[in-house]
Amino acid sequence: MLVDFAADVAATPIEVEAAAVSAEKDGYDGFGAAETRHDVFPALALAARATSRITLQSAIAVAFARNPMNVAVLANDLQLIGEGRFQLGLGSQVKPHIERRFAMPWSRPAARMEEFVRALRAIWQAWDTGDRLAFRGEFYRHTLMTDFFDPGPNPYGNPPVLLAAVGELMTRTAGRVADGLLVHPLTSAAYLSERTRPALREARGGDLSDFTVCLSAMVVLGADEAARSRAEQAVKGQIAFYASTPSYRAVLELHGWGELADQLNALSRRQAWAEMTALISDEVLDTFAVTGDVAAGLRDRFGSLVDRISLYTPYEIDAALIAQVRRQLA
């Protein structure tokens with residue numbers, strides 16, 4: 001497995017830049033930045049200017065908050081700035097955020113995402129070849145590209161496209177149109193082997209040799225017992241938050257915890273976060289997060305299932321502890 005560093009989800013663009021510099025210095029293979037309080041593209045542009053080797057990934061950029069043309073332009077520019085080191089990670093987000101936060105249309109997310117990526121590639125192809133842009137789909141239509149707005153072929157090639165997916169429908173979409181999959185942190189080795197990878201193999205005719213599976217794995221780390229206890233509670237809270245989302249119910253169902261998902265969803269509507277965290281047993285924690293000897297656990301659990309891995313630590317953590325795990329995985 002290649003080992004990547006994931007920036008803090010609340011990091012500012014300047015903090016993302018600094019984290020990317022540190023990650024490259026510490027020997028990580030790649031660097032990922034999320035899109036929560038800040039736009040991921042300016043942050044990665046800063047990181048691209050400040051680094052020279054490390055792979056840079058949007059993990060994720062919200063596709064449905066944008067359209068294929070402006071994503072094509074942004075990704076093309078990041079690929080230029082990073083001299084071929086950019087990976088375009090896209091995600092759909094969920095309906096309430098797309099409709100109520102971004103005021104954008106939502107319907108049939110897997111079908112819409114598949115067309116989004118096909119439109120994106122059609123735009124890049126028009127720039128590469130000079131052929132007329134003529135993409136007409138159900139959700140997107142791109143039929144105008146004049147020389148004034150055409151950047152031409154990218155000297156570093158087009159960046160790979162990776163899609164975030166949990167359910168089998170979106171996973172198969174990733175297998176059909178993307179170059180890789182961004183696995184949600186709320187996953188397990190069983191779900192990866194019994195649901196995710198079979199769906200990918202089906203979509204790709206059984207061949208995953210040129211397809212990249214990336215995972216941000218939840219882990220419990222701490223310098224001492226008190227720190228590990230705090231980390232454990234934070235991870236339980238994160239599991240509870242993710243598991244309350246109906247879109248992720250299938251992951252819990254596989255382990256016989258469908259009723260737990262329903263309970264968490266009901267509590268989330270009341271914002272009863274403490275009650276939700278209390279419902280996450282040690283068994284659930286150990287299924288969705290790696291504790292104890294983290295490096296050995298990650299290797300044993302995911303070594304044959306993913307190609308790239310990063311550590312998801314939703315709590316304050318000394319970067320040296322994460323770096324130690326990276327060295328043990330190398």
# chains A, B, ... in the order shown; residues from 1 in each chain; ligands from 1
>>> closest_atom_pairs(of="stretch 102-212 of chain A", to="stretch 288-293 of chain A", cutoff="7 Å", atoms="only C-alpha atoms", output="CSV")
residue,atom,partner,partner_atom,distance
A:Leu186,CA,A:Phe288,CA,6.2
A:Thr187,CA,A:Phe288,CA,5.9
A:Ser188,CA,A:Phe288,CA,5.4
>>> select_by_dssp(residues="stretch 32-242 of chain A", states="helix (DSSP H, G or I)", output="VMD selection string")
chain A and resid 40 to 50 63 to 65 68 to 81 95 to 101 109 to 129 147 to 149 168 to 177 189 to 203 225 to 242
>>> write_last_selection(atoms="C-alpha atoms", output="mmCIF file, in the first residue's frame")
data_model
loop_
_atom_site.group_PDB
_atom_site.id
_atom_site.type_symbol
_atom_site.label_atom_id
_atom_site.label_comp_id
_atom_site.auth_asym_id
_atom_site.auth_seq_id
_atom_site.Cartn_x
_atom_site.Cartn_y
_atom_site.Cartn_z
ATOM 1 C CA VAL A 40 -10.419 22.411 -1.837
ATOM 2 C CA PHE A 41 -9.026 23.719 -5.134
ATOM 3 C CA PRO A 42 -7.292 26.916 -3.897
ATOM 4 C CA ALA A 43 -5.846 24.929 -0.993
ATOM 5 C CA LEU A 44 -4.366 22.327 -3.334
ATOM 6 C CA ALA A 45 -3.088 25.028 -5.672
ATOM 7 C CA LEU A 46 -1.065 26.424 -2.768
ATOM 8 C CA ALA A 47 0.107 22.905 -1.879
ATOM 9 C CA ALA A 48 1.125 22.251 -5.492
ATOM 10 C CA ARG A 49 3.275 25.387 -5.577
ATOM 11 C CA ALA A 50 4.943 24.513 -2.274
ATOM 12 C CA ALA A 63 -19.294 17.457 -7.895
ATOM 13 C CA PHE A 64 -22.965 18.378 -7.783
ATOM 14 C CA ALA A 65 -22.195 21.804 -6.299
ATOM 15 C CA PRO A 68 -18.515 19.479 -15.536
ATOM 16 C CA MET A 69 -17.079 22.535 -17.316
ATOM 17 C CA ASN A 70 -15.862 24.412 -14.259
ATOM 18 C CA VAL A 71 -14.523 21.184 -12.724
ATOM 19 C CA ALA A 72 -12.716 20.426 -15.999
ATOM 20 C CA VAL A 73 -11.063 23.859 -15.869
ATOM 21 C CA LEU A 74 -10.147 23.621 -12.183
ATOM 22 C CA ALA A 75 -8.708 20.123 -12.516
ATOM 23 C CA ASN A 76 -6.780 21.058 -15.656
ATOM 24 C CA ASP A 77 -5.242 24.043 -13.856
ATOM 25 C CA LEU A 78 -4.293 21.952 -10.810
ATOM 26 C CA GLN A 79 -2.651 19.409 -13.107
ATOM 27 C CA LEU A 80 -0.634 22.225 -14.704
ATOM 28 C CA ILE A 81 0.375 23.806 -11.407
ATOM 29 C CA LYS A 95 -29.493 15.499 -1.102
ATOM 30 C CA PRO A 96 -30.121 18.040 1.718
ATOM 31 C CA HIS A 97 -26.729 19.648 1.201
ATOM 32 C CA ILE A 98 -26.983 19.788 -2.586
ATOM 33 C CA GLU A 99 -30.483 21.223 -2.565
ATOM 34 C CA ARG A 100 -30.470 23.340 0.585
ATOM 35 C CA ARG A 101 -26.810 24.381 1.007
ATOM 36 C CA PRO A 109 -27.048 10.510 -8.024
ATOM 37 C CA ALA A 110 -25.298 7.490 -9.535
ATOM 38 C CA ALA A 111 -26.634 8.187 -13.023
ATOM 39 C CA ARG A 112 -25.909 11.895 -12.655
ATOM 40 C CA MET A 113 -22.356 11.197 -11.472
ATOM 41 C CA GLU A 114 -21.685 8.833 -14.355
ATOM 42 C CA GLU A 115 -22.793 11.473 -16.839
ATOM 43 C CA PHE A 116 -20.823 14.151 -14.975
ATOM 44 C CA VAL A 117 -17.579 12.196 -15.425
ATOM 45 C CA ARG A 118 -18.349 11.367 -19.056
ATOM 46 C CA ALA A 119 -18.999 15.062 -19.735
ATOM 47 C CA LEU A 120 -15.756 15.977 -17.953
ATOM 48 C CA ARG A 121 -13.800 13.573 -20.135
ATOM 49 C CA ALA A 122 -15.541 14.865 -23.288
ATOM 50 C CA ILE A 123 -14.410 18.405 -22.437
ATOM 51 C CA TRP A 124 -10.834 17.272 -21.858
ATOM 52 C CA GLN A 125 -10.887 15.325 -25.109
ATOM 53 C CA ALA A 126 -12.036 18.405 -27.006
ATOM 54 C CA TRP A 127 -9.113 20.354 -25.543
ATOM 55 C CA ASP A 128 -6.715 17.489 -26.322
ATOM 56 C CA THR A 129 -7.766 16.984 -29.939
ATOM 57 C CA ASP A 147 -10.471 29.054 -29.108
ATOM 58 C CA PHE A 148 -10.526 31.962 -26.654
ATOM 59 C CA PHE A 149 -11.597 29.611 -23.827
ATOM 60 C CA GLU A 168 -22.985 -0.720 -4.690
ATOM 61 C CA LEU A 169 -24.717 1.430 -7.336
ATOM 62 C CA MET A 170 -22.255 4.328 -7.015
ATOM 63 C CA THR A 171 -19.389 1.843 -6.643
ATOM 64 C CA ARG A 172 -20.283 0.263 -9.983
ATOM 65 C CA THR A 173 -20.455 3.760 -11.460
ATOM 66 C CA ALA A 174 -16.898 4.374 -10.252
ATOM 67 C CA GLY A 175 -15.831 1.106 -11.817
ATOM 68 C CA ARG A 176 -17.315 2.072 -15.184
ATOM 69 C CA VAL A 177 -16.130 5.662 -15.587
ATOM 70 C CA ALA A 189 -12.764 -5.399 5.684
ATOM 71 C CA ALA A 190 -15.903 -7.520 5.275
ATOM 72 C CA TYR A 191 -17.781 -4.778 3.425
ATOM 73 C CA LEU A 192 -14.797 -4.143 1.158
ATOM 74 C CA SER A 193 -14.349 -7.807 0.296
ATOM 75 C CA GLU A 194 -18.034 -8.817 0.098
ATOM 76 C CA ARG A 195 -19.651 -5.699 -1.396
ATOM 77 C CA THR A 196 -17.200 -3.090 -2.697
ATOM 78 C CA ARG A 197 -14.658 -5.136 -4.623
ATOM 79 C CA PRO A 198 -17.235 -7.508 -6.206
ATOM 80 C CA ALA A 199 -19.180 -4.468 -7.451
ATOM 81 C CA LEU A 200 -15.984 -3.007 -8.921
ATOM 82 C CA ARG A 201 -15.003 -6.285 -10.573
ATOM 83 C CA GLU A 202 -18.475 -6.588 -12.101
ATOM 84 C CA ALA A 203 -18.268 -3.057 -13.511
ATOM 85 C CA GLU A 225 -3.702 5.416 27.982
ATOM 86 C CA ALA A 226 -5.537 8.668 28.699
ATOM 87 C CA ALA A 227 -4.882 9.959 25.187
ATOM 88 C CA ARG A 228 -5.968 6.675 23.641
ATOM 89 C CA SER A 229 -9.168 6.756 25.704
ATOM 90 C CA ARG A 230 -9.957 10.237 24.402
ATOM 91 C CA ALA A 231 -9.197 9.115 20.875
ATOM 92 C CA GLU A 232 -11.466 6.093 21.280
ATOM 93 C CA GLN A 233 -14.391 8.264 22.361
ATOM 94 C CA ALA A 234 -13.828 10.652 19.464
ATOM 95 C CA VAL A 235 -13.778 7.784 16.964
ATOM 96 C CA LYS A 236 -16.934 6.316 18.480
ATOM 97 C CA GLY A 237 -18.583 9.704 18.033
ATOM 98 C CA GLN A 238 -17.475 9.851 14.403
ATOM 99 C CA ILE A 239 -18.759 6.334 13.752
ATOM 100 C CA ALA A 240 -22.098 7.287 15.306
ATOM 101 C CA PHE A 241 -22.311 10.414 13.143
ATOM 102 C CA TYR A 242 -21.571 8.574 9.907
#
>>> select_by_dssp(residues="stretch 109-180 of chain A", states="strand (DSSP E or B)", output="VMD selection string")
chain A and resid 135 to 136 141 to 142 161 to 165 180
>>> write_last_selection(atoms="N, CA and C atoms", output="PDB file, in the first residue's frame")
ATOM      1  N   PHE A 135     -21.215  17.362 -26.304  1.00  0.00           N
ATOM      2  CA  PHE A 135     -21.723  16.433 -25.295  1.00  0.00           C
ATOM      3  C   PHE A 135     -23.173  16.780 -24.987  1.00  0.00           C
ATOM      4  N   ARG A 136     -24.051  15.816 -25.188  1.00  0.00           N
ATOM      5  CA  ARG A 136     -25.477  15.992 -24.913  1.00  0.00           C
ATOM      6  C   ARG A 136     -25.959  14.819 -24.068  1.00  0.00           C
ATOM      7  N   ARG A 141     -25.234  19.369 -20.710  1.00  0.00           N
ATOM      8  CA  ARG A 141     -25.110  19.618 -22.148  1.00  0.00           C
ATOM      9  C   ARG A 141     -23.982  20.632 -22.356  1.00  0.00           C
ATOM     10  N   HIS A 142     -22.951  20.207 -23.064  1.00  0.00           N
ATOM     11  CA  HIS A 142     -21.806  21.081 -23.333  1.00  0.00           C
ATOM     12  C   HIS A 142     -21.535  21.036 -24.844  1.00  0.00           C
ATOM     13  N   VAL A 161      -9.364  10.450 -12.380  1.00  0.00           N
ATOM     14  CA  VAL A 161     -10.607  10.775 -11.684  1.00  0.00           C
ATOM     15  C   VAL A 161     -10.925   9.644 -10.718  1.00  0.00           C
ATOM     16  N   LEU A 162     -11.143  10.002  -9.454  1.00  0.00           N
ATOM     17  CA  LEU A 162     -11.523   9.023  -8.437  1.00  0.00           C
ATOM     18  C   LEU A 162     -12.867   9.438  -7.855  1.00  0.00           C
ATOM     19  N   LEU A 163     -13.754   8.469  -7.656  1.00  0.00           N
ATOM     20  CA  LEU A 163     -15.081   8.755  -7.135  1.00  0.00           C
ATOM     21  C   LEU A 163     -15.246   8.184  -5.734  1.00  0.00           C
ATOM     22  N   ALA A 164     -15.894   8.961  -4.877  1.00  0.00           N
ATOM     23  CA  ALA A 164     -16.262   8.473  -3.551  1.00  0.00           C
ATOM     24  C   ALA A 164     -17.553   7.677  -3.660  1.00  0.00           C
ATOM     25  N   ALA A 165     -17.605   6.534  -3.018  1.00  0.00           N
ATOM     26  CA  ALA A 165     -18.797   5.686  -3.087  1.00  0.00           C
ATOM     27  C   ALA A 165     -18.897   4.832  -1.844  1.00  0.00           C
ATOM     28  N   GLY A 180     -10.377   5.336 -10.155  1.00  0.00           N
ATOM     29  CA  GLY A 180     -10.177   4.845  -8.802  1.00  0.00           C
ATOM     30  C   GLY A 180     -11.388   5.113  -7.945  1.00  0.00           C
TER      31      GLY A 180
END
>>> closest_residue(among="A:Ala10, A:Glu15, A:Ile322, A:Leu215", to="A:Gly303", atoms="only C-alpha atoms")
A:Leu215
>>> closest_residue(among="A:Leu252, A:Leu133, A:Val3, A:Ala11", to="A:Ala23", atoms="only C-alpha atoms")
A:Val3
